[in-house]
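Below you'll find the structure, written out as structure tokens, and then a few comments.
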There are 2 protein chains.
Amino acid sequence: MLSRLKNTVIGSPLPTQQLAENRLNKIRALAAFSPDALSSIAYANQEIYLGLVVAGAAGLVLAWPIGLVIVGVLVIVAISYYQTIHGYPSGGGSYIVARANIGTLPGLIAAGALLLDYLLCAAVSLTAGVDAIASAFPNLWPYKTIIALGLLGLIMLANLRGLRETGTFMAVPVYLFLFTYIPMLIYGAIHLWMEGPTPMVTVAPPPVQPLSLFLIMHTFATGCTALTGIEAISNGVPAFKQPESKNAGRTLIVMAILMGILFVGSIGLTQFLGVIAGPQETILSALARHLLGSGPAYVLIQLSTLLILAVAANTSFADFPRLSAILARDGFLPRQFTGLGDRLVFTNGIVFLTIAAGVLIVIFRGNSHLLIPLFAIGAFLAFTLSQAGMVIHWFRERTQNWRLKAFLNGLGAFATATTLLIITISKFREGAWITVLLIPIFVFVFLRIHQHYIDVGKQLSLRGLPPDLKPTPPMRLVVPVSGIHRGIVDAMDFAQSISKDITALYIELDPGTGEELSKEWECWWPDIPLVVLPSPYRSIIRPLLDYLDEDDRKHNDGTLAAVVLPEFIPAKWWQQLLHNQTSLLIKTALLYRRRTLGFQRIIIDVPYHLKK
Amino acid sequence: MLSRLKNTVIGSPLPTQQLAENRLNKIRALAAFSPDALSSIAYANQEIYLGLVVAGAAGLVLAWPIGLVIVGVLVIVAISYYQTIHGYPSGGGSYIVARANIGTLPGLIAAGALLLDYLLCAAVSLTAGVDAIASAFPNLWPYKTIIALGLLGLIMLANLRGLRETGTFMAVPVYLFLFTYIPMLIYGAIHLWMEGPTPMVTVAPPPVQPLSLFLIMHTFATGCTALTGIEAISNGVPAFKQPESKNAGRTLIVMAILMGILFVGSIGLTQFLGVIAGPQETILSALARHLLGSGPAYVLIQLSTLLILAVAANTSFADFPRLSAILARDGFLPRQFTGLGDRLVFTNGIVFLTIAAGVLIVIFRGNSHLLIPLFAIGAFLAFTLSQAGMVIHWFRERTQNWRLKAFLNGLGAFATATTLLIITISKFREGAWITVLLIPIFVFVFLRIHQHYIDVGKQLSLRGLPPDLKPTPPMRLVVPVSGIHRGIVDAMDFAQSISKDITALYIELDPGTGEELSKEWECWWPDIPLVVLPSPYRSIIRPLLDYLDEDDRKHNDGTLAAVVLPEFIPAKWWQQLLHNQTSLLIKTALLYRRRTLGFQRIIIDVPYHLKK
């Protein structure tokens with residue numbers, strides 16, 4: 001029944017051979033990989049506005065120049081990644097590039113940074129999306145956290161169904177966003193051209209802080225969140241239709257151009273039209289309201305902002321599980337992350353991401369402004385490492401035009417490293433320290449896990465062992481019995497068939513019952529000793545474990561110890577509730593115990609089936 | 001760590017031999033068994049008041065005569081139970097008496113009725129107690145459900161610690177109640193004698209319903225809840241110090257006299273002093289406020305009412321687990337209810353009662369007035385059956401004065417049967433139907449469980465089997481392997497030591513790996529076939545189960561099937577998270593599977609311990 005419910009919600013299992021078929025064409029790929037990058041303008045604009053408004057009109061007039069600098073960085077980073085896509089057509093992005101070219105440790109740093117960034121991307125995008133719709137419907141403000149969590153759940157389900165269906169599902173909001181926002185920007189530009197700019201001084205609130213260099217740096221840093229997500233395509237090259245690199249590269253160019261238009265367009269219009277946001281409103285909402293009024297066109301814009309931010313979270317759902325799987329395959333994360341689920345998606349990665357993003361949303365009470373300072377550091381750290389790796393890559397490969405390529409990637413590395421430094425310093429106290437602390441912890445965990453897998457591999461290795469092995473030592477069997485009945489008979493038969501050294505064990509809960517049983521035992525199995533263990537505290541497990549431990553210590557002679565557990569299986573599940581589950585308790589205790597003691601104790605479970 | 005926490009809260013385990021020492025003297029026994037009966041006046045008074053006030057002054061003047069009739073029933077029932085205590089010194093109450101004298105089915109009906117009644121007693125007492133304190137502090141009204149649940153939790157913990165300590169803990173509130181209430185009643189009586197009665201017509205609200213016979217019967221029925229709990233002592237005779245019957249009988253007499261004084265005293269004073277309750281107040285609170293004002297004396301009265309009602313719930317915690325244990329011992333409830341916990345109490349019964357009472361409190365939103373109609377039916381049904389059983393008992397025994405004794409118990413049976421009829425009819429639509437429906441369901445469940453235990457007993461019985469049994473059939477072993485490594489070597493050694501018929505099984509998740517493994521396998525175990533099962537849907541469990549089922553069907557020749565599971569055990573618990581738990585999944589699937597199929601399939605777990 002559970003499995004039928006799962007099939008309805010997630011879809012029925014797909015065979016492995018269908019894996020290669022789930023490729024994306026460019027239209028779908030743009031929808032699958034660009035939402036994070038495109039939608040970044042929503043929170044980047046908002047952060048630039050919030051950063052500058054405290055300095056009044058003198059601050060707000062800097063929005064446009066800061067925006068242009070960020071677009072400059074965008075161009076450099078986009079060119080860098082275009083080269084990465086062609087250099088590494090098998091995908092994997094920053095982790096693979098940094099690890100292959102600089103070394104394992106930088107690769108792991110990039111991986112940790114990216115994982116954290118994907119996670120934050122999901123949380124920030126969802127909360128910013130809910131901000132957008134709550135700007136249009138202020139009644140929703142108190143429910144922002146709940147709405148964000150609901151959207152998170154929906155996105156998880158869509159992703160558990162698989163990438164192809166997700167692609168279709170996500171394409172609509174992306175194109176809706178583009179086909180509503182770009183016309184609005186064009187309309188705004190015409191408007192501005194016809195009526196001329198509104199000077200900021202006439203509308204800006206009075207300054208509460210002086211305009212300082214730190215404030216400008218800080219605003220630049222928060223505005224750089226506009227670039228997050230640009231690396232998504234380079235990680236996902238193998239999901240494209242063949243020829244993968246060419247298709248991915250073209251999609252990247254289209255995406256970067258769209259990002260630039262949306263970002264400078266909206267930031268420019270906001271400034272030159274003199275738009276100011278109210279207290280429960282985003283600046284993009286204020287711009288749209290300024291241009292379109294509060295009618296259906298405005299609501300459509302806000303709705304499409306919510307939708308693209310929601311699917312931006314989906315970029316994380318495409319990349320986080322994929323990177324986790326790569327790390328797990330290399331032994332830096334638990335193996336479980338490599339497992340393709342029924343629908344050919346990395347189920348564990350998806351579920352893990354959902355839980356972690358949900359926790360972040362709850363802790364930061366659905367407030368994107370509080371989450372932003374943690375964000376972007378990871379992305380820019382990964383950018384820098386990946387770019388630096390590419391420089392080394394070109395030096396090694398020395399293919400056509402390698403000097404130009406190395407220079408372009410070097411420029412990218414320099415630009416992103418500078419940005420990273422500015423972000424870290426200016427946002428450190430507001431939350432960036434959390435990211436700075438977490439990334440080394442992640443790397444430590446990766447290394448610890450890796451060491452464990454190496455240790456296990458060595459211990460399990462058969463190298464040096466001769467194919468012909470030692471003979472099996474004689475076996476000591478212990479059979480815990482609860483009385484004399486059919487279930488016991490089967491277990492004793494089995495025990496006698498594999499060993500001569502058998503001890504039956506009775507835990508005496510009610511004083512006197514042991515003596516009675518011993519007499520009856522004598523008639524049935526005169527050759528097998530029955531040990532009666534008193535249990536003054538009425539526990540079955542404790543005396544049994546103590547006996548076994550004592551017995552193993554006494555027979556420390558290379559014999560093999562095994563416990564035979566007679567267990568009767570009721571015919572119907574509810575009948576299970578009517579029995580004491582002693583056998584299950586013993587099994588659990590033995591499993592736990594043997595880990596703490598390290599004895600090799602074989603557990604043999606002999607069932608006896610009841611008919612009704 | 002968990003076990004240390006448990007020891008702090010519950011206390012450390014007690015050995016079985018200490019069982020006999022945990023006996024109660026009369027002072028403590030009165031505290032342990034009387035609170036339900038004594039505190040019943042709180043809600044019984046309240047229900048009589050609420051029942052009559054709708055008919056205005058004409059109704060309210062009937063409170064005193066109705067109270068006197070109820071006291072008449074009280075005397076009859078108390079005498080009846082006094083005889084029961086001496087007739088059945090080993091305790092068990094209505095269930096034992098009815099079962100022994102009338103038959104199993106009436107016994108089970110009494111048992112079901114009592115279990116339900118104990119449960120309702122806990123819920124009603126706690127909610128009525130919270131009513132009492134919320135009458136003094138009206139700010140608490142919105143939190144009544146939460147407060148009731150908190151008290152329920154405290155009582156559970158006290159009971160898990162054990163009866164003796166519970167007795168001490170409970171004695172204080174009981175005597176506090178008696179030593180505040182009785183002086184207040186005396187003070188009220190003097191007051192009344194000095195100043196004369198206030199006629200009800202001068203204070204009563206105008207009638208909203210005519211005074212009908214049904215209304216009087218209905219009020220009598222709800223007032224009879226005053227009698228609930230009177231049977232508690234007869235069920236708990238073995239908890240008294242020796243001589244048990246004599247001590248228990250005297251305690252019963254003292255308790256009945258106290259019940260009568262409290263009940264007629266408070267009901268009489270309420271009527272003759274012309275006391276009327278406000279909307280968020282109980283009638284007893286109104287009486288106390290009338291006599292004492294709203295100062296500390298009044299608050300003390302309300303507090304002691306809360307406390308005795310809270311410990312009244314404790315009567316259920318003494319009786320419910322004990323009756324469950326008796327039923328379980330007789331095979332009518334799951335065996336687990338017979339288990340004495342670490343502290344020599346019936347842990348499962350206590351926990352079960354807590355959960356069920358908590359659910360009732362939540363469903364009825366902490367409102368005792370809504371719970372009352374379900375209540376008392378169980379008690380009076382059990383009274384009637386028990387009394388009728390005693391009549392038969394005396395006819396059988398024919399001891400000294402048996403005719404008189406039979407007459408007294410017969411009178412008790414008649415009185416309680418009449419009351420039961422009145423209660424059922426007059427409260428049927430308000431909720432009594434739930435009780436009427438549940439009792440047969442309980443009896444059905446008891447019988448179903450009993451039948452299961454009989455079936456199991458027959459199937460496990462060795463009667464008719466010769467002590468010398470069939471030889472063990474040859475064994476087919478299947479060893480699922482994940483590759484060739486040390487863990488597999490140990491499992492194969494073991495398998496070869498107990499059988500010649502071994503098949504290794506490899507589930508091929510990645511196409512091609514099976515062929516590779518087969519070649520290597522050839523070098524290590526050339527004599528043992530390795531079956532490679534493709535798994536296009538990447539499931540390990542499904543192909544394995546399908547293979548085993550198919551294999552068992554093919555070899556339907558009486559051979560024994562066993563699965564040998566190689567399992568490696570990491571040295572530290574967190575390392576467990578880094579492995580796929582395949583062996584655990586297989587074990588779980590096999591356990592479930594073998595119940596649905598009914599094959600006898602032995603499961604052998606061969607561990608291999610990792611060192612670090």
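Order determines the names: the first chain of the structure tokens is A, the second B, and so forth; residues in each chain are numbered 1 upward, and ligands are numbered 1 upward as they are shown.
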Neighbours of Pro511 (chain B) within 9 Å (only C-alpha atoms; same-chain residues fewer than 3 positions away dropped), as a ChimeraX atom specification?
/B:508,514-515,534-536
Using only C-alpha atoms, which of the listed residues (B:Ile422, B:Ile182, B:Ile586, B:Ala415) sits closest to Met259 (chain B)?
B:Ile182
Nearest residue to chain B from the set A:Ile363, A:Asp527, A:Glu397, A:Pro334 (distances using only C-alpha atoms)
A:Pro334
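Counting from CA of Phe428 (chain A), the distance to CA of Leu370 (chain A) is 12.8 Å.
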What is the distance, in Å and to one decimal place, between CA of Leu404 (chain A) and CA of Gln387 (chain A)?
13.8 Å
Just the number, please: distance in Å from CA of Phe494 (chain A) to CA of Leu565 (chain A), one decimal.
10.7 Å
Who sits within 10 Å of Phe137 (chain B), only C-alpha atoms, same chain under 3 positions skipped, as a ChimeraX atom specification
/B:131-134,140-141,280-281,299,302
Helix (DSSP H, G or I) residues, from DSSP on the backbone, in region 119-304 of chain B, as a count of residues only
148
Shell around Leu306 (chain A) at 10 Å using only C-alpha atoms, local window under 3 positions removed, as a PyMOL selection string
chain A and resi 39+42+125-134+173+177+300-303+309-312
Store the residues of this selection in a file with C-alpha atoms, as a short mmCIF file (atom, residue, chain, number, x, y, z; two decimals), in the first residue's frame.
data_model
loop_
_atom_site.label_atom_id
_atom_site.label_comp_id
_atom_site.auth_asym_id
_atom_site.auth_seq_id
_atom_site.Cartn_x
_atom_site.Cartn_y
_atom_site.Cartn_z
CA SER A 39 16.14 35.36 -10.61
CA ALA A 42 15.28 39.95 -7.41
CA SER A 125 15.30 31.96 -3.52
CA LEU A 126 12.23 30.61 -1.81
CA THR A 127 12.12 33.33 0.84
CA ALA A 128 12.73 36.06 -1.76
CA GLY A 129 9.97 34.57 -3.92
CA VAL A 130 7.56 34.66 -1.01
CA ASP A 131 8.64 38.31 -0.44
CA ALA A 132 7.63 39.08 -4.01
CA ILE A 133 4.13 37.68 -3.72
CA ALA A 134 3.67 39.08 -0.21
CA PRO A 173 7.69 29.94 -15.11
CA PHE A 177 9.20 35.61 -16.28
CA LEU A 300 1.29 38.93 -12.97
CA ILE A 301 4.80 40.41 -12.65
CA GLN A 302 4.94 39.55 -8.94
CA LEU A 303 3.57 36.09 -9.54
CA LEU A 309 12.48 32.20 -7.69
CA ALA A 310 10.71 28.98 -6.80
CA VAL A 311 12.22 27.24 -9.81
CA ALA A 312 15.58 28.87 -8.96
#
B:Leu252, B:Ile326, B:Leu258, B:Leu120: which is nearest Ala313 (chain B), counting only C-alpha atoms?
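Smallest distance to Ala313 (chain B) is found for B:Leu120.
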Pick from A:Leu381, A:Val481, A:Phe337, A:Phe414, whichever lies nearest to chain B using only C-alpha atoms:
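So, comparing all the options, the nearest one is A:Phe337.
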Select, from B:Ala406, B:Leu333, B:Leu438, B:Leu50, the residue with the minimum atom-to-atom distance to chain A, counting only C-alpha atoms.
B:Leu333
If we count only C-alpha atoms and set the cut-off at 6 Å, which residues sit around region 183-199 of chain A, ignoring sequence neighbours fewer than 3 positions away in its own chain? Please answer as an mmCIF file with C-alpha atoms, in the first residue's frame.
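part.cif was written with the following content:
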data_model
loop_
_atom_site.group_PDB
_atom_site.id
_atom_site.type_symbol
_atom_site.label_atom_id
_atom_site.label_comp_id
_atom_site.auth_asym_id
_atom_site.auth_seq_id
_atom_site.Cartn_x
_atom_site.Cartn_y
_atom_site.Cartn_z
ATOM 1 C CA THR A 180 6.625 39.623 -18.735
ATOM 2 C CA THR A 202 13.274 64.804 -4.763
ATOM 3 C CA PHE A 272 16.214 57.162 -13.009
ATOM 4 C CA LEU A 273 12.472 56.916 -12.381
ATOM 5 C CA GLY A 274 13.146 57.703 -8.706
#
So that I can check the surroundings of Val75 (chain B), please list as a ChimeraX atom specification every protein, DNA and RNA residue that reaches within 12 Å of it, counting only C-alpha atoms and ignoring chain neighbours fewer than 2 positions away.
/B:68-73,77-82,227,230,252-261,408-409,411-412,415-416
Selection: 7 Å around region 598-610 of chain B, only C-alpha atoms, excl. self and same-chain fewer than 3 positions, as a PyMOL selection string
(chain A and resi 459+598+600-609) or (chain B and resi 487+491+561-571+594-595)
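Proximity ranking of A:Lys246, A:His579, A:Arg448, A:Lys427 relative to Phe375 (chain A) places A:Lys427 first, based on only C-alpha atoms.
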Per DSSP on the backbone, what are the strand (DSSP E) residues of region 263-510 of chain B, as a list in words?
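Taking region 263-510 of chain B and keeping strand (DSSP E) gives Met475, Arg476, Leu477, Val478, Val479, Pro480, Val481, Asp501, Ile502, Thr503, Ala504, Leu505, Tyr506, Ile507 and Glu508 of chain B.
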